[in-house]
Amino acid sequence: MSITTAISELAAVNLFKEGKKSETFVGRPFYLDYDKAFLLIADAWKMQVGGIPQGTFLLAFYENEENVYESMLLRALRPTKLPTDNDIIGSMIEYYKDNLKTTGKQSQLDDFTRYEFSFSGLECRIVGTFYTSKDSTTIFGADVENFYSAHNYRVFKPGGRVLEVIANLRDGSNIPGNECDVRLGHVRYSSSLRFQENMEDVPVYVSPSDFLGKRTALFGMTRTGKSNTVKKIIQATVQISAKAREDVSTSTPDSDEALNPFDGSGFPKYPVGQIIFDVNGEYANANMQDEGTAIFELFKEQVTRYSVLEKPGFKVMKVNFYKDILQGFELVNSYLADDTADYVNSFKAVDLAQPEDPTDHAAATRYERKKAVYLCCLYQAGFRAPLGFKVKFESNKELEEVLDSGIDPSKGIDLERASNWFSLVWNNYDNQYFTNYQSKHQGREWADEDLKALLIFLTRKKSIRGSASISGYRKLRGIINQHTDSVSKPFQEEIIETLRKGFIVIIDLSQGDPQIQRLYSERICQKIFFDAMNNFIQNRPNNFIQFYFEETHNLFPKKEDKDFSQIYNRVAKEGAKLNLGLIYATQEVSSISSNILKNTQNWFIAHLNNDDEVKELRKYYDFSDFSESLIKFSAASDKGFVRMKTYSNPFVVPVQIDRFLAR
């Protein structure tokens, strides 16, 4: 049966008829309020329905009046005491003391006592209410508008199509799911599967609108199936993207409706771009855990791979620092971001952008000098210059007499001679020529603050007549491997073009040091973000672009970091309007900035191993209902067993994620 057929059949489910079959009866409530229900259940009833694991969905139907269709959706939490428990416990202890057989076929208990012993109490959370509207449509409300005396209700355990309706319920829709939904897994309540393995799987679907342009978190210990879930999402997104009918590069919207990224059927209007920051190399390279398939193999025609190293099948993620001056300088600034030395801060603050007015001769002259000194810094640091590369900038006869260099830079000189020329300038900057220059040019020095910062960096001298006592250009040597003279177009531009076409880009960061990983991750994210922002400002459409991050504790800002201007915070807070989605996975909830967590709409929670992480998780949605089980379950045997809360689903659903396999 196709997914479309299966989902269309859910619309025909009569929850108030199919949900209360006699064989699914589990008990009656003896206490109700707006938040909780306490049930009386019996061993025979539990056995009849295949057990009631913690987290099980139950339906409490109101049955006191005819033609009133109302049912509370419950979630089983934990046992609770019955008023008669003390008497029952006392009787049990007496039997134990008398060494009487109390269980099994040889039990010496009379039928009445055995019947009394079989009852227990169950505490449940009231998740919401199903009811019928005036037009007989079944609606779900995420609270309780009213409750009656507990004896008016009977409780049933839903299964089959009824449970499928519950697990796939959507906010704002009376029919769970639609034709563009994609299966992600099936309902699973517990680690133990004695009863559940004999029951039919109840599928769980996800909606494209839940993930595209939204923020999605996956938390769990290592080897709990986070990567498998990410790959299932990538696979589902490819399937959804294939339904797109328009090319974003040729779209010319002239109305708000034209800017809507979804078409009338719920599919994305434009192909979806996906970019994966692969810290461990498991998406970009073949590995054993996916039965010989990796993302790049499964979608070979749609994937472009980048690496910081030169490898077969990969594009090199490097910059020609001499050709792409601003791109290279941005990488330099990112690399030196944690260096707080005064002269380094002055160097990072230099403006290397070309003057906006091409007729401003003075501005052009100052720019050419700054650019030349910066390129000399690169050359001295060991960045290989293109063959025959020269710089050109203005000088004059009077200055040449002061320097006595025998060099005329206005005719073009190589970087070695240019470095010597600028070193002479800085060594003689206290000469009368430079003092007179200031008086002749309305107080403006020959070297402005930007040029001074660059000269200090080049000569490694903070003072004119001092010694070369600082690191200066030597600080750039740590980024020299990111330079190449063979790239014709900046890789960031190539990546954006690829994503706008709806393809997949994998950034292999597995062989880079942590600083380089952060450097490229941040710069690429910034370029994509600002490209999307530029389209937004100019009223041009943005196709959906999905960011995927593994091991995000290595990249994302920490919980205590309050710098909300960081690119990951901006994507989390502003990405929705730009159609930028964020999917991130890590072991610890507490390792992620609260600013990102507060803007996360989709949650997949696997096994966590300590109370601190669970305590952090309790702050969000109704995950407190699962706090005990998240610690208790096994990371080894329960891979892919998660508690899932999606954007449109009004409550958490326990799900076993399907295994990622080739199509």
# chains A, B, ... in the order shown; residues from 1 in each chain; ligands from 1
>>> select_by_dssp(residues="region 259-487 of chain A", states="strand (DSSP E)", output="PyMOL selection string")
chain A and resi 273-278+303-307+315-316
>>> write_last_selection(atoms="all heavy atoms", output="CSV table (one decimal), in the first residue's frame")
chain,number,residue,atom,x,y,z
A,273,GLY,N,17.8,22.8,-1.5
A,273,GLY,CA,19.3,22.6,-1.3
A,273,GLY,C,19.6,22.0,0.1
A,273,GLY,O,19.0,22.4,1.0
A,274,GLN,N,20.6,21.2,0.2
A,274,GLN,CA,21.0,20.6,1.4
A,274,GLN,C,22.5,20.7,1.6
A,274,GLN,O,23.2,20.3,0.6
A,274,GLN,CB,20.6,19.2,1.6
A,274,GLN,CG,19.1,19.0,1.5
A,274,GLN,CD,18.6,17.5,1.8
A,274,GLN,OE1,18.6,17.1,2.9
A,274,GLN,NE2,18.3,16.8,0.7
A,275,ILE,N,23.0,21.2,2.7
A,275,ILE,CA,24.5,21.3,2.9
A,275,ILE,C,24.8,20.6,4.2
A,275,ILE,O,24.2,20.9,5.3
A,275,ILE,CB,25.0,22.7,2.9
A,275,ILE,CG1,26.5,22.8,3.1
A,275,ILE,CG2,24.2,23.6,3.8
A,275,ILE,CD1,27.1,24.1,2.8
A,276,ILE,N,25.7,19.7,4.2
A,276,ILE,CA,26.1,18.8,5.3
A,276,ILE,C,27.5,19.1,5.8
A,276,ILE,O,28.4,19.0,5.0
A,276,ILE,CB,26.0,17.3,5.0
A,276,ILE,CG1,24.6,17.0,4.4
A,276,ILE,CG2,26.3,16.5,6.2
A,276,ILE,CD1,24.5,15.7,3.6
A,277,PHE,N,27.6,19.6,7.0
A,277,PHE,CA,29.0,19.8,7.5
A,277,PHE,C,29.4,18.5,8.2
A,277,PHE,O,29.0,18.2,9.4
A,277,PHE,CB,28.9,21.0,8.5
A,277,PHE,CG,28.6,22.3,7.8
A,277,PHE,CD1,27.3,22.7,7.6
A,277,PHE,CD2,29.6,23.1,7.3
A,277,PHE,CE1,27.0,23.9,7.0
A,277,PHE,CE2,29.4,24.3,6.6
A,277,PHE,CZ,28.0,24.7,6.4
A,278,ASP,N,30.2,17.8,7.5
A,278,ASP,CA,30.6,16.4,7.9
A,278,ASP,C,31.8,16.4,8.7
A,278,ASP,O,32.9,16.2,8.2
A,278,ASP,CB,30.7,15.6,6.6
A,278,ASP,CG,30.7,14.1,6.9
A,278,ASP,OD1,30.6,13.7,8.1
A,278,ASP,OD2,30.9,13.3,5.9
A,303,VAL,N,25.1,15.1,-5.6
A,303,VAL,CA,26.0,15.5,-4.5
A,303,VAL,C,27.3,16.1,-5.1
A,303,VAL,O,27.9,15.6,-6.0
A,303,VAL,CB,26.3,14.3,-3.6
A,303,VAL,CG1,27.5,14.6,-2.7
A,303,VAL,CG2,25.1,13.9,-2.9
A,304,THR,N,27.7,17.2,-4.5
A,304,THR,CA,29.1,17.8,-4.7
A,304,THR,C,29.8,17.8,-3.4
A,304,THR,O,29.3,18.3,-2.4
A,304,THR,CB,29.0,19.2,-5.3
A,304,THR,OG1,28.2,19.2,-6.5
A,304,THR,CG2,30.4,19.7,-5.5
A,305,ARG,N,31.0,17.2,-3.4
A,305,ARG,CA,31.8,17.1,-2.1
A,305,ARG,C,33.0,18.1,-2.1
A,305,ARG,O,33.6,18.3,-3.1
A,305,ARG,CB,32.3,15.7,-1.9
A,305,ARG,CG,31.2,14.7,-1.7
A,305,ARG,CD,31.8,13.3,-1.6
A,305,ARG,NE,32.4,12.7,-2.8
A,305,ARG,CZ,33.1,11.6,-2.9
A,305,ARG,NH1,33.4,10.9,-1.8
A,305,ARG,NH2,33.6,11.2,-4.1
A,306,TYR,N,33.2,18.7,-1.0
A,306,TYR,CA,34.3,19.6,-0.8
A,306,TYR,C,35.1,19.1,0.4
A,306,TYR,O,34.6,18.5,1.3
A,306,TYR,CB,33.8,21.0,-0.5
A,306,TYR,CG,33.2,21.8,-1.7
A,306,TYR,CD1,31.9,21.6,-2.0
A,306,TYR,CD2,34.0,22.6,-2.4
A,306,TYR,CE1,31.4,22.2,-3.1
A,306,TYR,CE2,33.5,23.3,-3.5
A,306,TYR,CZ,32.1,23.1,-3.8
A,306,TYR,OH,31.6,23.8,-4.9
A,307,SER,N,36.4,19.4,0.3
A,307,SER,CA,37.4,19.0,1.4
A,307,SER,C,38.4,20.1,1.5
A,307,SER,O,38.7,20.8,0.6
A,307,SER,CB,38.0,17.6,1.1
A,307,SER,OG,39.0,17.3,2.0
A,315,LYS,N,36.1,18.6,-4.5
A,315,LYS,CA,36.6,19.9,-4.8
A,315,LYS,C,37.4,20.4,-3.7
A,315,LYS,O,37.0,20.2,-2.5
A,315,LYS,CB,35.4,20.8,-5.2
A,315,LYS,CG,34.8,20.5,-6.5
A,315,LYS,CD,33.8,21.6,-7.0
A,315,LYS,CE,33.3,21.3,-8.4
A,315,LYS,NZ,32.4,22.4,-8.9
A,316,VAL,N,38.4,21.2,-4.0
A,316,VAL,CA,39.3,21.7,-2.9
A,316,VAL,C,38.6,23.0,-2.3
A,316,VAL,O,38.3,23.9,-3.1
A,316,VAL,CB,40.7,22.0,-3.4
A,316,VAL,CG1,41.6,22.5,-2.3
A,316,VAL,CG2,41.3,20.7,-4.0
>>> residues_around(residues="region 400-406 of chain A", least_positions_apart="6", cutoff="8 Å", atoms="only C-alpha atoms", output="list of chain:residue names")
A:Trp421, A:Leu424, A:Val425, A:Asn428, A:Asn431, A:Tyr433
>>> closest_atom_pairs(of="region 16-74 of chain A", to="region 113-133 of chain A", cutoff="6 Å", atoms="only C-alpha atoms", output="tab-separated table")
residue	atom	partner	partner_atom	distance
A:Asp35	CA	A:Ile126	CA	5.2
A:Lys36	CA	A:Arg125	CA	4.7
A:Ala37	CA	A:Cys124	CA	5.1
A:Phe38	CA	A:Glu123	CA	4.7
A:Leu39	CA	A:Leu122	CA	5.0
A:Leu40	CA	A:Gly121	CA	4.9
A:Ile41	CA	A:Ser120	CA	5.5
A:Ala42	CA	A:Phe119	CA	4.4
A:Asp43	CA	A:Ser118	CA	5.3
A:Tyr69	CA	A:Tyr131	CA	5.6
A:Glu70	CA	A:Tyr131	CA	4.4
A:Ser71	CA	A:Phe130	CA	5.1
A:Met72	CA	A:Thr129	CA	4.4
A:Leu73	CA	A:Gly128	CA	5.3
A:Leu74	CA	A:Ile126	CA	4.6
>>> select_by_dssp(residues="region 386-607 of chain A", states="alpha helix (DSSP H)", output="number ranges by chain")
A: 397-403, 415-427, 432-440, 449-459, 491-500, 514-537, 567-574, 594-597
>>> residues_around(residues="region 357-363 of chain A", least_positions_apart="5", cutoff="12 Å", atoms="only C-alpha atoms", output="JSON, numbers by chain")
{"A": [351, 352, 368, 369, 370, 393, 394, 441, 444, 446, 448]}
>>> write_last_selection(atoms="C-alpha atoms", output="compact mmCIF listing (two decimals), in the first residue's frame")
# COMPACT_ATOMS: atom_id res chain seq x y z
CA ASP A 351 39.23 48.00 5.36
CA LEU A 352 40.38 46.32 2.15
CA GLU A 368 46.44 50.46 -3.69
CA ARG A 369 49.03 51.02 -0.93
CA LYS A 370 46.98 49.08 1.65
CA PHE A 393 51.16 51.88 -6.42
CA GLU A 394 52.12 55.54 -6.64
CA HIS A 441 47.59 67.85 3.21
CA ARG A 444 46.25 63.94 6.84
CA TRP A 446 50.92 59.82 4.36
CA ASP A 448 46.46 56.44 7.58
>>> residues_around(residues="Phe195 (chain A)", least_positions_apart="4", cutoff="12 Å", atoms="only C-alpha atoms", output="list in words")
Lys46, Met47, Gln48, Val49, Gly50, Gly51, Ile52, Pro53, Arg188, Tyr189, Ser190, Ser191, Met199, Glu200 and Asp201 of chain A
>>> write_last_selection(atoms="all heavy atoms", output="mmCIF file, in the first residue's frame")
data_model
loop_
_atom_site.group_PDB
_atom_site.id
_atom_site.type_symbol
_atom_site.label_atom_id
_atom_site.label_comp_id
_atom_site.auth_asym_id
_atom_site.auth_seq_id
_atom_site.Cartn_x
_atom_site.Cartn_y
_atom_site.Cartn_z
ATOM 1 N N LYS A 46 -4.937 -5.706 31.102
ATOM 2 C CA LYS A 46 -3.610 -5.404 30.563
ATOM 3 C C LYS A 46 -3.128 -6.518 29.637
ATOM 4 O O LYS A 46 -2.540 -6.259 28.583
ATOM 5 C CB LYS A 46 -2.612 -5.191 31.702
ATOM 6 C CG LYS A 46 -2.794 -3.878 32.444
ATOM 7 C CD LYS A 46 -1.659 -3.597 33.419
ATOM 8 C CE LYS A 46 -1.762 -4.456 34.655
ATOM 9 N NZ LYS A 46 -0.736 -4.087 35.670
ATOM 10 N N MET A 47 -3.341 -7.748 30.048
ATOM 11 C CA MET A 47 -2.941 -8.874 29.215
ATOM 12 C C MET A 47 -3.705 -8.883 27.899
ATOM 13 O O MET A 47 -3.151 -9.155 26.830
ATOM 14 C CB MET A 47 -3.183 -10.186 29.967
ATOM 15 C CG MET A 47 -2.783 -11.438 29.182
ATOM 16 S SD MET A 47 -1.003 -11.533 28.851
ATOM 17 C CE MET A 47 -0.392 -11.837 30.519
ATOM 18 N N GLN A 48 -4.963 -8.524 27.951
ATOM 19 C CA GLN A 48 -5.821 -8.532 26.768
ATOM 20 C C GLN A 48 -5.336 -7.560 25.699
ATOM 21 O O GLN A 48 -5.423 -7.846 24.500
ATOM 22 C CB GLN A 48 -7.252 -8.169 27.192
ATOM 23 C CG GLN A 48 -8.235 -8.046 26.050
ATOM 24 C CD GLN A 48 -9.635 -7.734 26.549
ATOM 25 O OE1 GLN A 48 -10.448 -8.631 26.764
ATOM 26 N NE2 GLN A 48 -9.915 -6.460 26.760
ATOM 27 N N VAL A 49 -4.805 -6.411 26.112
ATOM 28 C CA VAL A 49 -4.379 -5.381 25.148
ATOM 29 C C VAL A 49 -2.876 -5.437 24.869
ATOM 30 O O VAL A 49 -2.334 -4.556 24.199
ATOM 31 C CB VAL A 49 -4.766 -3.971 25.637
ATOM 32 C CG1 VAL A 49 -6.266 -3.847 25.768
ATOM 33 C CG2 VAL A 49 -4.062 -3.615 26.955
ATOM 34 N N GLY A 50 -2.182 -6.447 25.388
ATOM 35 C CA GLY A 50 -0.751 -6.565 25.122
ATOM 36 C C GLY A 50 0.094 -5.662 25.992
ATOM 37 O O GLY A 50 1.162 -5.197 25.562
ATOM 38 N N GLY A 51 -0.340 -5.419 27.223
ATOM 39 C CA GLY A 51 0.440 -4.619 28.156
ATOM 40 C C GLY A 51 0.220 -3.120 27.976
ATOM 41 O O GLY A 51 -0.294 -2.657 26.954
ATOM 42 N N ILE A 52 0.628 -2.362 29.001
ATOM 43 C CA ILE A 52 0.545 -0.894 28.958
ATOM 44 C C ILE A 52 1.922 -0.349 29.318
ATOM 45 O O ILE A 52 2.208 -0.030 30.478
ATOM 46 C CB ILE A 52 -0.527 -0.352 29.928
ATOM 47 C CG1 ILE A 52 -1.877 -1.017 29.659
ATOM 48 C CG2 ILE A 52 -0.649 1.171 29.787
ATOM 49 C CD1 ILE A 52 -2.978 -0.582 30.609
ATOM 50 N N PRO A 53 2.822 -0.247 28.349
ATOM 51 C CA PRO A 53 4.148 0.305 28.635
ATOM 52 C C PRO A 53 4.058 1.769 29.051
ATOM 53 O O PRO A 53 3.077 2.460 28.745
ATOM 54 C CB PRO A 53 4.882 0.163 27.295
ATOM 55 C CG PRO A 53 4.071 -0.781 26.483
ATOM 56 C CD PRO A 53 2.667 -0.636 26.954
ATOM 57 N N ARG A 188 6.768 3.129 18.915
ATOM 58 C CA ARG A 188 7.371 2.167 19.826
ATOM 59 C C ARG A 188 7.305 2.751 21.230
ATOM 60 O O ARG A 188 7.713 3.879 21.465
ATOM 61 C CB ARG A 188 8.823 1.891 19.456
ATOM 62 C CG ARG A 188 9.524 0.919 20.413
ATOM 63 C CD ARG A 188 10.979 0.708 20.023
ATOM 64 N NE ARG A 188 11.660 -0.193 20.944
ATOM 65 C CZ ARG A 188 12.942 -0.528 20.850
ATOM 66 N NH1 ARG A 188 13.691 -0.041 19.865
ATOM 67 N NH2 ARG A 188 13.495 -1.346 21.735
ATOM 68 N N TYR A 189 6.798 1.965 22.172
ATOM 69 C CA TYR A 189 6.594 2.484 23.519
ATOM 70 C C TYR A 189 7.729 2.158 24.485
ATOM 71 O O TYR A 189 8.003 2.925 25.405
ATOM 72 C CB TYR A 189 5.289 1.924 24.098
ATOM 73 C CG TYR A 189 4.039 2.518 23.501
ATOM 74 C CD1 TYR A 189 3.017 1.691 23.022
ATOM 75 C CD2 TYR A 189 3.858 3.887 23.427
ATOM 76 C CE1 TYR A 189 1.850 2.216 22.490
ATOM 77 C CE2 TYR A 189 2.697 4.426 22.889
ATOM 78 C CZ TYR A 189 1.699 3.585 22.430
ATOM 79 O OH TYR A 189 0.556 4.124 21.902
ATOM 80 N N SER A 190 8.373 1.011 24.318
ATOM 81 C CA SER A 190 9.310 0.569 25.354
ATOM 82 C C SER A 190 10.507 -0.142 24.752
ATOM 83 O O SER A 190 10.494 -0.560 23.589
ATOM 84 C CB SER A 190 8.606 -0.371 26.344
ATOM 85 O OG SER A 190 8.134 -1.537 25.680
ATOM 86 N N SER A 191 11.534 -0.282 25.581
ATOM 87 C CA SER A 191 12.715 -1.032 25.169
ATOM 88 C C SER A 191 12.382 -2.515 25.033
ATOM 89 O O SER A 191 12.798 -3.175 24.083
ATOM 90 C CB SER A 191 13.833 -0.827 26.189
ATOM 91 O OG SER A 191 14.947 -1.628 25.888
ATOM 92 N N MET A 199 2.771 -7.277 17.391
ATOM 93 C CA MET A 199 1.733 -6.371 16.929
ATOM 94 C C MET A 199 2.153 -5.717 15.620
ATOM 95 O O MET A 199 3.333 -5.594 15.309
ATOM 96 C CB MET A 199 1.470 -5.289 17.986
ATOM 97 C CG MET A 199 0.964 -5.827 19.308
ATOM 98 S SD MET A 199 0.715 -4.500 20.521
ATOM 99 C CE MET A 199 0.181 -5.448 21.951
ATOM 100 N N GLU A 200 1.174 -5.297 14.866
ATOM 101 C CA GLU A 200 1.437 -4.624 13.600
ATOM 102 C C GLU A 200 2.053 -3.254 13.855
ATOM 103 O O GLU A 200 1.601 -2.502 14.719
ATOM 104 C CB GLU A 200 0.133 -4.472 12.821
ATOM 105 C CG GLU A 200 0.310 -3.812 11.467
ATOM 106 C CD GLU A 200 -1.018 -3.646 10.741
ATOM 107 O OE1 GLU A 200 -2.057 -4.082 11.287
ATOM 108 O OE2 GLU A 200 -1.011 -3.075 9.633
ATOM 109 N N ASP A 201 3.120 -2.932 13.094
ATOM 110 C CA ASP A 201 3.742 -1.619 13.225
ATOM 111 C C ASP A 201 2.768 -0.524 12.817
ATOM 112 O O ASP A 201 2.050 -0.656 11.816
ATOM 113 C CB ASP A 201 4.992 -1.526 12.345
ATOM 114 C CG ASP A 201 6.162 -2.317 12.907
ATOM 115 O OD1 ASP A 201 6.093 -2.696 14.082
ATOM 116 O OD2 ASP A 201 7.132 -2.562 12.153
#
>>> residues_around(residues="Asn64 (chain A)", least_positions_apart="5", cutoff="9 Å", atoms="only C-alpha atoms", output="short mmCIF file (atom, residue, chain, number, x, y, z; two decimals) with C-alpha atoms, in the first residue's frame")
data_model
loop_
_atom_site.label_atom_id
_atom_site.label_comp_id
_atom_site.auth_asym_id
_atom_site.auth_seq_id
_atom_site.Cartn_x
_atom_site.Cartn_y
_atom_site.Cartn_z
CA HIS A 151 -17.34 7.32 36.56
CA ASN A 152 -18.61 8.75 33.24
CA TYR A 153 -15.51 7.58 31.36
#
